[in-house]
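Chemist: Provided below: my_file.txt, containing compact mmCIF, C-alpha atoms and all ligand atoms.
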# COMPACT_ATOMS: atom_id res chain seq x y z
CA MET A 1 123.14 119.74 91.10
CA SER A 2 120.74 122.34 89.76
CA ARG A 3 117.17 122.12 91.00
CA HIS A 4 114.21 122.66 88.72
CA GLU A 5 110.93 124.11 89.83
CA GLU A 6 108.98 121.94 87.45
CA ILE A 7 107.12 118.87 88.66
CA VAL A 8 106.83 115.90 86.30
CA LEU A 9 103.99 113.39 86.53
CA VAL A 10 105.11 109.92 85.41
CA VAL A 11 102.16 107.79 84.32
CA GLU A 12 103.39 104.26 83.77
CA ASP A 13 102.50 100.77 85.01
CA ASN A 14 105.84 99.07 84.34
CA GLN A 15 107.92 99.28 87.52
CA GLN A 16 111.25 98.95 85.69
CA ILE A 17 110.44 101.90 83.45
CA ILE A 18 109.19 103.92 86.43
CA ASN A 19 112.47 103.20 88.23
CA PHE A 20 114.51 104.27 85.21
CA ILE A 21 112.57 107.48 84.55
CA THR A 22 112.45 108.57 88.19
CA TYR A 23 116.17 107.81 88.59
CA VAL A 24 116.97 110.09 85.64
CA LEU A 25 114.60 112.82 86.87
CA LYS A 26 116.19 112.70 90.33
CA GLN A 27 119.67 112.93 88.80
CA GLU A 28 118.58 115.98 86.84
CA GLY A 29 117.08 117.65 89.88
CA PHE A 30 113.38 117.36 88.91
CA SER A 31 110.57 116.69 91.34
CA TYR A 32 108.09 114.05 90.26
CA LEU A 33 104.94 112.14 91.10
CA THR A 34 104.05 108.73 89.72
CA SER A 35 100.79 107.02 88.85
CA GLY A 36 100.28 103.48 87.59
CA THR A 37 96.78 104.15 86.26
CA ALA A 38 94.98 106.61 84.00
CA GLN A 39 92.49 107.43 86.75
CA GLY A 40 95.33 108.13 89.17
CA ALA A 41 96.91 110.47 86.62
CA LEU A 42 93.68 112.45 86.18
CA SER A 43 93.23 112.68 89.97
CA ALA A 44 96.82 113.91 90.38
CA MET A 45 96.21 116.51 87.67
CA VAL A 46 93.34 118.11 89.57
CA SER A 47 94.81 117.88 93.07
CA GLN A 48 98.47 118.79 92.42
CA HIS A 49 100.49 121.33 90.51
CA ILE A 50 102.07 119.50 87.57
CA ASP A 51 104.15 121.01 84.76
CA LEU A 52 104.67 118.08 82.43
CA MET A 53 103.31 114.57 81.98
CA LEU A 54 105.18 111.50 80.75
CA LEU A 55 102.40 109.18 79.66
CA ASP A 56 102.44 105.47 78.84
CA LEU A 57 99.52 104.67 76.53
CA GLY A 58 98.97 101.06 77.64
CA LEU A 59 97.55 101.51 81.13
CA PRO A 60 95.58 98.92 83.14
CA ASP A 61 92.35 100.88 83.67
CA PHE A 62 91.81 102.85 80.47
CA ASP A 63 93.76 103.98 77.45
CA GLY A 64 96.35 106.74 77.73
CA MET A 65 94.74 108.33 74.64
CA GLU A 66 91.71 109.07 76.78
CA VAL A 67 93.96 110.79 79.34
CA ILE A 68 95.30 113.06 76.57
CA ARG A 69 91.77 113.94 75.41
CA GLN A 70 90.52 114.68 78.90
CA VAL A 71 93.56 116.76 79.91
CA ARG A 72 93.40 118.75 76.67
CA GLU A 73 89.88 119.89 77.49
CA TRP A 74 91.28 122.19 80.14
CA SER A 75 95.08 122.19 80.09
CA GLU A 76 97.91 123.01 77.68
CA MET A 77 100.41 121.22 79.90
CA PRO A 78 103.09 119.39 77.88
CA ILE A 79 102.37 115.68 77.45
CA ILE A 80 105.12 113.35 76.23
CA VAL A 81 103.85 109.93 75.26
CA VAL A 82 106.01 106.91 76.04
CA SER A 83 105.27 104.33 73.40
CA ALA A 84 106.50 100.94 72.26
CA ARG A 85 108.46 100.59 69.04
CA ASP A 86 106.49 99.74 65.84
CA GLN A 87 103.45 101.65 67.11
CA ASP A 88 103.75 104.49 64.59
CA ARG A 89 100.02 104.74 64.03
CA GLU A 90 99.49 105.06 67.77
CA LYS A 91 102.19 107.71 68.11
CA ALA A 92 100.66 109.79 65.32
CA ALA A 93 97.17 109.42 66.83
CA ALA A 94 98.48 110.52 70.24
CA LEU A 95 100.13 113.60 68.72
CA ASP A 96 96.95 114.44 66.80
CA ALA A 97 94.94 114.07 70.03
CA GLY A 98 97.12 116.74 71.59
CA ALA A 99 100.29 115.09 72.91
CA ASP A 100 103.38 117.24 72.39
CA ASP A 101 105.93 114.57 71.64
CA TYR A 102 106.79 110.94 72.13
CA LEU A 103 109.59 108.69 73.27
CA THR A 104 110.01 105.21 71.86
CA LYS A 105 110.87 102.42 74.30
CA PRO A 106 113.63 101.65 74.99
CA PHE A 107 115.00 105.18 75.29
CA SER A 108 118.14 106.63 76.84
CA ALA A 109 118.43 109.15 79.67
CA THR A 110 119.75 111.65 77.09
CA GLU A 111 116.68 111.24 74.86
CA LEU A 112 114.37 111.54 77.85
CA MET A 113 115.97 114.78 79.02
CA ALA A 114 116.13 116.23 75.49
CA ARG A 115 112.36 115.72 75.05
CA ILE A 116 111.61 117.18 78.47
CA ARG A 117 113.78 120.25 77.84
CA VAL A 118 112.13 120.96 74.48
CA ALA A 119 108.64 120.61 75.97
CA LEU A 120 109.42 122.87 78.93
CA ARG A 121 111.06 125.48 76.72
CA HIS A 122 107.91 125.66 74.61
CA LEU A 123 105.90 126.07 77.77
CA SER A 124 108.03 128.97 79.04
CA GLN A 125 107.94 130.64 75.60
CA MET A 126 104.17 130.36 75.57
CA ALA A 127 104.05 131.90 79.05
CA LYS A 128 106.27 134.82 78.02
CA ASN A 129 104.38 135.18 74.78
CA GLN A 130 107.23 137.18 73.27
CA PRO A 131 108.24 135.73 69.94
CA GLN A 132 111.88 136.21 68.93
CA PRO A 133 112.42 138.48 65.89
CA VAL A 134 114.72 135.84 64.38
CA SER A 135 114.76 132.07 64.95
CA THR A 136 117.93 130.14 64.17
CA VAL A 137 118.84 126.47 63.86
CA GLY A 138 122.47 125.86 62.89
CA GLU A 139 123.14 128.10 59.87
CA LEU A 140 119.47 128.40 58.98
CA SER A 141 117.60 131.51 60.13
CA MET A 142 114.06 132.73 59.85
CA ASP A 143 113.44 136.47 60.17
CA TRP A 144 109.81 136.79 61.22
CA GLU A 145 109.55 140.53 60.63
CA LYS A 146 111.18 140.67 57.21
CA HIS A 147 109.67 137.31 56.20
CA ILE A 148 112.97 136.02 54.88
CA VAL A 149 114.90 132.81 55.37
CA THR A 150 118.68 132.73 55.17
CA LEU A 151 121.19 129.89 54.98
CA LYS A 152 124.78 130.83 55.89
CA GLY A 153 123.70 134.44 55.60
CA ASN A 154 122.33 134.12 52.05
CA GLU A 155 118.65 134.72 51.44
CA LEU A 156 116.78 131.70 50.15
CA HIS A 157 114.02 131.97 47.60
CA LEU A 158 111.19 129.86 48.93
CA THR A 159 107.76 129.42 47.43
CA PRO A 160 104.88 130.58 49.66
CA LEU A 161 104.09 126.96 50.57
CA GLU A 162 107.72 126.17 51.37
CA TYR A 163 107.80 129.29 53.54
CA SER A 164 104.62 128.22 55.37
CA LEU A 165 106.02 124.77 55.95
CA LEU A 166 109.34 126.05 57.28
CA SER A 167 107.56 128.65 59.47
CA LEU A 168 105.45 125.92 61.00
CA LEU A 169 108.55 123.84 61.74
CA PHE A 170 110.35 126.87 63.20
CA LYS A 171 107.41 127.57 65.48
CA ASN A 172 107.85 124.03 66.79
CA ILE A 173 111.63 123.65 66.95
CA GLY A 174 112.60 120.28 68.37
CA LYS A 175 109.02 119.00 68.33
CA VAL A 176 107.67 116.31 66.06
CA LEU A 177 104.74 117.38 63.86
CA THR A 178 102.50 114.75 62.35
CA THR A 179 101.84 114.61 58.63
CA GLN A 180 98.15 115.29 59.29
CA ASN A 181 98.95 118.25 61.50
CA ILE A 182 101.24 119.78 58.87
CA LEU A 183 98.73 119.18 56.05
CA ARG A 184 95.99 120.89 58.05
CA GLU A 185 98.19 123.90 58.84
CA ILE A 186 99.66 124.30 55.35
CA TYR A 187 96.80 123.45 53.02
CA GLY A 188 93.83 123.91 55.33
CA VAL A 189 90.88 121.65 55.96
CA GLY A 190 89.99 119.37 53.06
CA TYR A 191 93.54 118.62 51.94
CA GLY A 192 94.17 116.50 54.98
CA THR A 193 94.91 113.29 53.14
CA ASP A 194 97.23 114.42 50.36
CA THR A 195 100.44 113.10 51.90
CA GLN A 196 102.12 112.93 48.49
CA ALA A 197 101.74 116.72 48.14
CA LEU A 198 103.53 117.17 51.43
CA ARG A 199 106.30 114.77 50.43
CA THR A 200 106.85 116.73 47.21
CA LEU A 201 106.81 120.04 49.06
CA MET A 202 109.25 118.69 51.65
CA ALA A 203 111.61 117.40 48.96
CA GLY A 204 111.66 120.84 47.33
CA LEU A 205 112.32 122.59 50.63
CA ARG A 206 115.09 120.16 51.53
CA ARG A 207 116.82 120.76 48.20
CA LYS A 208 117.05 124.42 49.18
CA ILE A 209 118.13 124.08 52.81
CA GLU A 210 119.95 120.77 53.13
CA GLU A 211 123.49 120.21 51.90
CA VAL A 212 122.67 116.53 51.31
CA PRO A 213 118.85 116.32 50.91
CA ALA A 214 118.92 112.51 51.28
CA LYS A 215 120.70 112.90 54.65
CA PRO A 216 118.94 115.92 56.11
CA ARG A 217 120.59 117.83 58.92
CA TYR A 218 117.73 120.23 59.65
CA ILE A 219 114.40 118.58 58.94
CA LEU A 220 114.36 114.98 60.14
CA THR A 221 111.80 112.42 59.03
CA GLU A 222 110.09 110.58 61.88
CA ILE A 223 109.17 107.41 60.04
CA GLY A 224 105.44 106.71 60.01
CA VAL A 225 104.71 109.84 62.04
CA GLY A 226 105.90 113.10 60.54
CA TYR A 227 108.77 115.58 60.64
CA ARG A 228 110.88 117.40 63.18
CA LEU A 229 113.09 120.49 62.85
CA VAL A 230 116.21 119.68 64.89
CA ASP A 231 116.87 121.54 68.10
CA GLU A 232 120.56 122.46 68.07
CA CA B 301 102.02 99.92 80.02
Can you give me the file's structure in the form of C-alpha cells?
Ligand code: CA
Modeler:
Amino acid sequence: MSRHEEIVLVVEDNQQIINFITYVLKQEGFSYLTSGTAQGALSAMVSQHIDLMLLDLGLPDFDGMEVIRQVREWSEMPIIVVSARDQDREKAAALDAGADDYLTKPFSATELMARIRVALRHLSQMAKNQPQPVSTVGELSMDWEKHIVTLKGNELHLTPLEYSLLSLLFKNIGKVLTTQNILREIYGVGYGTDTQALRTLMAGLRRKIEEVPAKPRYILTEIGVGYRLVDE
C-alpha cells in the first residue's frame, strides 16, 4: 500500500459517515484527523498540519459555511464540502464562499478518492507554480503559448468568449465551477446574473468540442451548480 504524506481533516458529526470516510482514507494510505464540530475543526487547523479538509455543512455548533469563510481568510487549503442531495443552492454557495469541490451523500469510495486526488493535484500545481505549455483532456488540447485549441489535432476556431470560458475550465480541470464564478471570470463584475448568456455561450462551445453536444463528454453540467471539465 502506498503511503501519502498528506493529512486529511474529516469534519463530520455523523458517525456512520466518519467510519466510511476514514475506512476509505486508511485503505488508500492517507493519515487523517476527525472533528465532529466546526469549532473543533478550526482548532485542529491552527494546531496541526492539515493538507485537505472534508467538511460537512450541517454541524452541531455552527454552520460549515462559516468554517469555509474563516479558513479562507488565511489558508488556500483544499476544502471539499460533503453535502446532502437536493441542496444545490447550498453547494453553489459553499463553492462561492471558497470551497473547492463537493461530494453529494451518499457517495462511493471511488468518488471520494477522485475528488481528493483532483484537489491535491491542484494544490501541488499551485506549489510548483509552473504551468504546463499544453493542457490536454482526451483529444482536446489547449496550447497556452500559441493560444490555440485543438480537437483530434485540428485547430478549432473559438470566439474570444468561448476561448475565455474553455481556458477557465482548463485551469480548473476536474473541479466544479459555479455559474456565478464563471460569469464573474468571463464577463466581469456586473454581468453576474446573466445565466442565459452563459448557457448560450456554453451551447456554442459544446457544438465545437463535443461529438454529441446533448451528451457532453468534456464539459459536464452539474445540475443547479455549474460546470466541470472532466479529468481523464
Ligand atoms: Ca451533519
Chemist: Which residue gives the smallest distance to Val81 (chain A) among A:Asp96, A:Asp56, A:Asp51, A:Glu66, with all atoms listed in the file counted?
Modeler: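 With all atoms listed in the file as the atom set, the closest residue is A:Asp56.
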Chemist: Which residues are near Leu140 (chain A)? Cut-off 6 Å, only C-alpha atoms, ignore same chain within fewer than 2 positions. Put them as an MDAnalysis selection string.
Modeler: chainID A and resid 136:138 150:151
Chemist: Counting all atoms listed in the file, figure out which residue out of A:Leu201, A:Ile68, A:Val8, A:Ile173 gets nearest to Thr159 (chain A).
Modeler: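 Smallest separation from Thr159 (chain A) among the options: A:Leu201.
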Chemist: If you measure from CA of Tyr187 (chain A) to CA of Ala99 (chain A), what distance in Å do you get, rounded to one decimal?
Modeler: 21.9 Å
Chemist: Using all atoms listed in the file, find the one residue out of A:Leu183, A:Leu156, A:Leu33, A:Met142 that sits nearest to Arg207 (chain A).
Modeler: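 Of the candidates, the smallest distance to Arg207 (chain A) is held by A:Leu156.
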Chemist: Using all atoms listed in the file, which of A:Ile7, A:Ala44, A:Ile18, A:Leu57 sits nearest ligand CA 301 (chain B)?
Modeler: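 Smallest distance to ligand CA 301 (chain B) is found for A:Leu57.
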Chemist: Compare A:His122, A:His4, A:His147, A:Lys105 by their minimum atom-to-atom distance to ligand CA 301 (chain B), counting only C-alpha atoms and all ligand atoms, and give me the closest one.
Modeler: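 Once distances to ligand CA 301 (chain B) are computed over only C-alpha atoms and all ligand atoms, the minimum belongs to A:Lys105.
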